[in-house]
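Asker: What follows is a single structure, and I will ask about it in a moment.
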Number of protein chains: 4
Amino acid sequence: MGKTRLEAFSDGVMAIIITIMVLELKVPHGEDLASLLPLAPVFLSYVLSFIYVGIYWNNHHHMLHAARHVNGGVLWANLHLLFWLSLLPFVTGWLGENHFGPLPCAVYGFVLLMCAVAWYLLQLCIMSVDGNESMLKRALGSDWKGKFSPFLYIAGIASSFWMTWLALSFYVLSALIWLVPDRRIERVVNSAET
Amino acid sequence: MGKTRLEAFSDGVMAIIITIMVLELKVPHGEDLASLLPLAPVFLSYVLSFIYVGIYWNNHHHMLHAARHVNGGVLWANLHLLFWLSLLPFVTGWLGENHFGPLPCAVYGFVLLMCAVAWYLLQLCIMSVDGNESMLKRALGSDWKGKFSPFLYIAGIASSFWMTWLALSFYVLSALIWLVPDRRIERVVNSAET
Amino acid sequence: MGKTRLEAFSDGVMAIIITIMVLELKVPHGEDLASLLPLAPVFLSYVLSFIYVGIYWNNHHHMLHAARHVNGGVLWANLHLLFWLSLLPFVTGWLGENHFGPLPCAVYGFVLLMCAVAWYLLQLCIMSVDGNESMLKRALGSDWKGKFSPFLYIAGIASSFWMTWLALSFYVLSALIWLVPDRRIERVVNSAET
Amino acid sequence: MGKTRLEAFSDGVMAIIITIMVLELKVPHGEDLASLLPLAPVFLSYVLSFIYVGIYWNNHHHMLHAARHVNGGVLWANLHLLFWLSLLPFVTGWLGENHFGPLPCAVYGFVLLMCAVAWYLLQLCIMSVDGNESMLKRALGSDWKGKFSPFLYIAGIASSFWMTWLALSFYVLSALIWLVPDRRIERVVNSAET
């Protein structure tokens with residue numbers, strides 16, 4: 001079974017998710033700054049979610065590059081990841097519309113947590129298909145980012161009801177950790193190809 | 001004629017269908033649990049439809065992998081399938097918004113039934129193009145799932161006006177039957193390739 | 001320059017056009033037949049437009065299969081076609097919401113006419129790039145469909161203000177003419193490949 | 001690392017951006033000309049933005065054709081460009097709904113400016129990856145369009161609060177400059193291939 005359609009379908013779904021989020025930025029009726037300013041929280045949550053989908057797309061790109069085979073289990077693990085990512089536009093809109101209220105903030109963190117769990121399961125599936133020769137397994141190494149970020153989301157969920165700005169800081173911190181370029185997979189794939 | 005664009009277009013349409021369904025989850029104005037709870041039926045019907053589109057995408061992937069040629073008839077049979085799948089966001093939203101009322105429940109089952117019919121026609125088209133050498137024909141065997149699931153949809157439609165939870169159980173049951181991995185096509189394709 | 005991205009982008013845009021048209025089918029609030037019936041004209045105009053986008057996608061598939069090269073002119077002629085196709089969801093929704101009123105009916109025909117004009121220009125561009133060796137030119141022959149259908153759209157626009165059902169019949173007739181399989185291009189491409 | 005998925009993802013996002021902009025053309029309730037005419041500014045701003053996304057897609061096609069390698073930095077520079085492009089539907093709708101008011105006009109120009117900046121950064125990233133052997137660097141030459149158009153956007157932003165029609169003229173002028181076919185990249189790529 002080929003990886004091509006899995007990549008194409010995932011690209012399509014992530015491209016749509018990243019783009020329909022902007023539909024939550026409802027065009028205001030007024031034409032002055034006063035009608036634009038209430039959109040600031042929606043805009044900021046859009047930026048954060050855009051970065052998250054970008055990170056997932058970027059890592060998905062790398063992960064499937066390192067995968068040798070896919071099977072039915074990988075297809076479903078991938079759909080499971082896309083399901084949680086597809087809830088991002090909803091929670092992003094809810095977070096922004098309510099100016100980062102406690103419950104929207106916690107639910108946003110919960111969806112991020114479930115995306116991380118789905119990502120972890122997808123990694124397990126791909127590594128089990130490739131077995132001992134898995135490039136991905138060698139590339140990941142200790143995978144401290146994958147193991148650390150769920151704790152940030154849990155910390156964010158917990159602190160949502162106490163200080164929402166702290167919760168948001170945890171989500172931003174996790175995004176920053178992932179944004180820092182991670183050359184592990186590139187290095188292993190390159191050395192395997194040469 | 002190549003399969004590539006047929007696959008790309010179908011991937012695109014199914015990716016959009018699976019993603020715009022989430023737009024029916026309208027962002028609530030309140031920020032408490034009370035404003036989130038009314039969305040539960042919409043969310044549950046979203047999950048069910050997500051799984052159905054996932055099943056169709058997954059099986060589409062396998063079916064076209066086993067197809068050797070496509071012609072104009074296959075293109076139109078495929079568009080016919082996409083047409084009925086494209087109605088899923090509408091009936092999903094209607095089902096959820098009306099808390100699983102009898103008529104939305106029956107119409108939902110009708111669209112599932114028509115998807116199954118369109119799927120069957122697409123299979124016939126692909127097998128007739130490939131003729132006696134059809135890998136798909138050998139792979140399908142008795143195709144009991146394809147023959148059995150329409151009866152589940154019909155049973156669901158019939159019971160919608162009597163007990164809607166029973167109708168929904170039929171739809172969930174059919175999804176579960178298809179979710180169980182089906183190695184027929186993978187096996188035949190693999191043996192043909194070796 | 002490759003055809004691959006032109007095909008991929010066109011597939012993407014047409015896949016989105018065909019799918020967002022269904023968003024005009026607004027989920028009704030009631031759950032009985034009385035709340036579903038007012039959607040019948042929107043549904044019928046959706047079916048007609050779905051078939052039209054399907055025809056364009058199908059023919060686009062064939063036309064680019066017969067094209068040898070693309071250049072900047074072809075890219076823009078293609079974008080011009082996608083522009084008019086992108087207006088179909090709008091005119092489809094307007095046609096359906098107003099139960100096939102005269103002006104929506106005429107505007108619908110106008111957009112179909114402009115799509116046909118854009119299609120004709122795209123054909124010219126592709127044939128001029130390929131020059132005398134153009135497979136497409138040989139495949140098209142007299143191209144009576146391409147020359148005849150604009151008259152049907154003009155007849156439809158003219159009769160919109162007089163008898164809207166007649167205008168709609170012209171649009172349906174044109175769709176039927178195009179639906180009849182057209183083996184010209186397939187035949188020429190096959191003979192060129194063997 | 002391959003360019004294929006970067007192209008596929010960008011095609012997907014740009015296809016969606018260009019298509020969801022048409023959703024800002026809300027279907028009017030009336031069926032006469034009087035209900036259609038208020039949409040004229042929305043339609044005109046849709047045409048302008050469609051052309052801009054078309055230009056970016058077209059140039060993106062050429063730029064990546066001339067790129068030899070992509071790395072993580074290029075992926076993020078590309079996402080950064082897609083982010084600003086994704087704001088086009090919002091500012092287009094705002095511009096049209098307010099009949100080209102001063103602030104919407106300036107914000108529209110600001111998003112165009114940021115797209116141009118993001119484009120410039122993406123170019124830098126691709127050229128730095130390919131180093132001295134960069135086809136893109138040779139193809140660009142003095143790149144007077146890329147250097148000149150930001151000044152047009154800045155002039156547009158500045159004149160928005162004074163004469164909005166002048167600001168719009170600057171945006172239209174910049175689009176026209178880019179529309180004029182630019183054979184630099186095609187020429188260099190062709191000479192490299194022969």
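Each chain in the structure tokens gets a letter, A, B, ..., in the order shown, and its residues are numbered from 1; ligands are numbered from 1 in order too.
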Please provide the set of residues having any atom within 8 Å of His61 (chain B), restricted to only C-alpha atoms, with same-chain residues fewer than 3 positions apart removed, written as a list in words.

Answerer: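 Residues meeting the cut-off are Arg5 of chain A; Glu7, Trp57, Asn58, Leu64 and His65 of chain B.
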
Asker: Among region 20-165 of chain A, which ones does DSSP assign to helix (DSSP H, G or I) (computed from the backbone)? Answer as a ChimeraX atom specification.

Answerer: /A:20-24,33-66,72-86,88-97,102-133,135-140,144-160,164-165

Asker: Between A:Leu81, A:Leu95, A:Val22, A:Ala155, which has the minimum distance to chain B (counting only C-alpha atoms)?

Answerer: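 Checking each candidate against chain B, we get A:Leu95 as the closest.
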
Asker: Considering only C-alpha atoms, return as a PDB file with N, CA and C atoms, in the first residue's frame whatever protein or nucleic-acid residues lie within 7 Å of region 33-45 of chain C, sequence-local ones (same chain, fewer than 5 positions apart) excluded.

Answerer:
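As a result, result.pdb now contains:
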```
ATOM      1  N   LEU C  25     -27.560  24.503   1.021  1.00  0.00           N
ATOM      2  CA  LEU C  25     -28.657  23.714   1.606  1.00  0.00           C
ATOM      3  C   LEU C  25     -28.616  23.931   3.113  1.00  0.00           C
ATOM      4  N   PRO C  28     -32.599  22.988   8.030  1.00  0.00           N
ATOM      5  CA  PRO C  28     -33.825  23.621   8.547  1.00  0.00           C
ATOM      6  C   PRO C  28     -33.964  23.392  10.049  1.00  0.00           C
ATOM      7  N   THR C  92     -26.179  29.300  -7.959  1.00  0.00           N
ATOM      8  CA  THR C  92     -27.003  28.131  -7.628  1.00  0.00           C
ATOM      9  C   THR C  92     -27.867  28.425  -6.408  1.00  0.00           C
ATOM     10  N   GLY C  93     -27.237  28.996  -5.393  1.00  0.00           N
ATOM     11  CA  GLY C  93     -27.983  29.342  -4.190  1.00  0.00           C
ATOM     12  C   GLY C  93     -29.058  30.379  -4.484  1.00  0.00           C
ATOM     13  N   LEU C  95     -30.565  30.957  -7.370  1.00  0.00           N
ATOM     14  CA  LEU C  95     -31.598  30.315  -8.185  1.00  0.00           C
ATOM     15  C   LEU C  95     -32.541  29.505  -7.304  1.00  0.00           C
ATOM     16  N   GLY C  96     -31.962  28.735  -6.379  1.00  0.00           N
ATOM     17  CA  GLY C  96     -32.773  27.858  -5.547  1.00  0.00           C
ATOM     18  C   GLY C  96     -33.597  28.631  -4.531  1.00  0.00           C
ATOM     19  N   GLU C  97     -32.962  29.635  -3.903  1.00  0.00           N
ATOM     20  CA  GLU C  97     -33.648  30.377  -2.848  1.00  0.00           C
ATOM     21  C   GLU C  97     -34.849  31.140  -3.387  1.00  0.00           C
ATOM     22  N   HIS C  99     -36.757  30.120  -5.886  1.00  0.00           N
ATOM     23  CA  HIS C  99     -37.643  29.222  -6.627  1.00  0.00           C
ATOM     24  C   HIS C  99     -37.626  29.515  -8.115  1.00  0.00           C
TER      25      HIS C  99
END
```

Asker: Compile the contact shell of region 109-125 of chain B as a ChimeraX atom specification: residues with an atom at most 6 Å away, counting only C-alpha atoms, same-chain residues fewer than 3 positions apart removed.

Answerer: /B:74,77,81,84,106,128,150,153,157

Asker: Between A:Leu103, A:Ala158, A:Leu48, A:Leu23, which has the minimum distance to chain B (counting only C-alpha atoms)?

Answerer: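 Residue with the minimum atom-to-atom distance to chain B: A:Leu103.
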
Asker: So how many Å separate CA of Ser49 (chain B) and CA of Asp11 (chain D), to one decimal?

Answerer: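 We find that CA of Ser49 (chain B) and CA of Asp11 (chain D) lie 26.6 Å from each other.
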
Asker: Need the shell around Leu152 (chain C): protein/DNA/RNA residues with any atom at most 7 Å away, counting only C-alpha atoms. Skip same-chain ones fewer than 4 positions apart. Format as a VMD selection string?

Answerer: chain C and resid 148 156 170 to 171 174

Asker: Set out as a Markdown table a contact list for chain B and chain C with a cut-off of 9 Å, giving each residue of chain B that qualifies its closest atom pair and distance in Å to one decimal, counting only C-alpha atoms, ordered by chain and rising residue number.

Answerer:
```
| residue | atom | partner | partner_atom | distance |
| --- | --- | --- | --- | --- |
| B:Met1 | CA | C:Glu186 | CA | 7.7 |
| B:Gly2 | CA | C:His65 | CA | 8.9 |
| B:Arg5 | CA | C:His61 | CA | 7.4 |
| B:Leu6 | CA | C:His61 | CA | 8.8 |
| B:Ala8 | CA | C:Asp11 | CA | 7.1 |
| B:Phe9 | CA | C:Asp11 | CA | 5.4 |
| B:Ser10 | CA | C:Ala15 | CA | 7.9 |
| B:Asp11 | CA | C:Ala15 | CA | 8.9 |
| B:Gly12 | CA | C:Ala15 | CA | 5.7 |
| B:Val13 | CA | C:Ala15 | CA | 5.0 |
| B:Met14 | CA | C:Ala15 | CA | 8.8 |
| B:Ile16 | CA | C:Ile16 | CA | 6.8 |
| B:Ile17 | CA | C:Thr19 | CA | 6.8 |
| B:Ile20 | CA | C:Ile20 | CA | 8.3 |
| B:Glu24 | CA | C:Val27 | CA | 8.7 |
| B:Asn71 | CA | C:Glu186 | CA | 8.8 |
| B:Gly72 | CA | C:Pro181 | CA | 6.9 |
| B:Gly73 | CA | C:Pro181 | CA | 8.1 |
| B:Leu75 | CA | C:Asn58 | CA | 7.2 |
| B:Trp76 | CA | C:Gly54 | CA | 7.9 |
| B:Leu79 | CA | C:Gly54 | CA | 6.8 |
| B:Phe83 | CA | C:Phe50 | CA | 7.6 |
| B:Ser86 | CA | C:Thr19 | CA | 6.4 |
| B:Leu87 | CA | C:Val22 | CA | 7.0 |
| B:Pro89 | CA | C:Val22 | CA | 8.2 |
| B:Phe90 | CA | C:Val27 | CA | 6.2 |
| B:Val91 | CA | C:Val27 | CA | 7.8 |
| B:Gly93 | CA | C:Val27 | CA | 6.3 |
| B:Trp94 | CA | C:Val27 | CA | 5.5 |
| B:Leu95 | CA | C:Glu31 | CA | 8.6 |
| B:Glu97 | CA | C:His29 | CA | 7.3 |
| B:Asn98 | CA | C:Glu31 | CA | 6.1 |
| B:Gly101 | CA | C:Glu31 | CA | 6.5 |
| B:Pro102 | CA | C:Glu31 | CA | 7.9 |
| B:Leu103 | CA | C:Asp32 | CA | 6.3 |
| B:Pro104 | CA | C:Glu31 | CA | 6.4 |
```

Asker: Separation of CA of His60 (chain D) and CA of Asn78 (chain D), in Å?

Answerer: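 Separating CA of His60 (chain D) from CA of Asn78 (chain D) is a distance of 9.6 Å.
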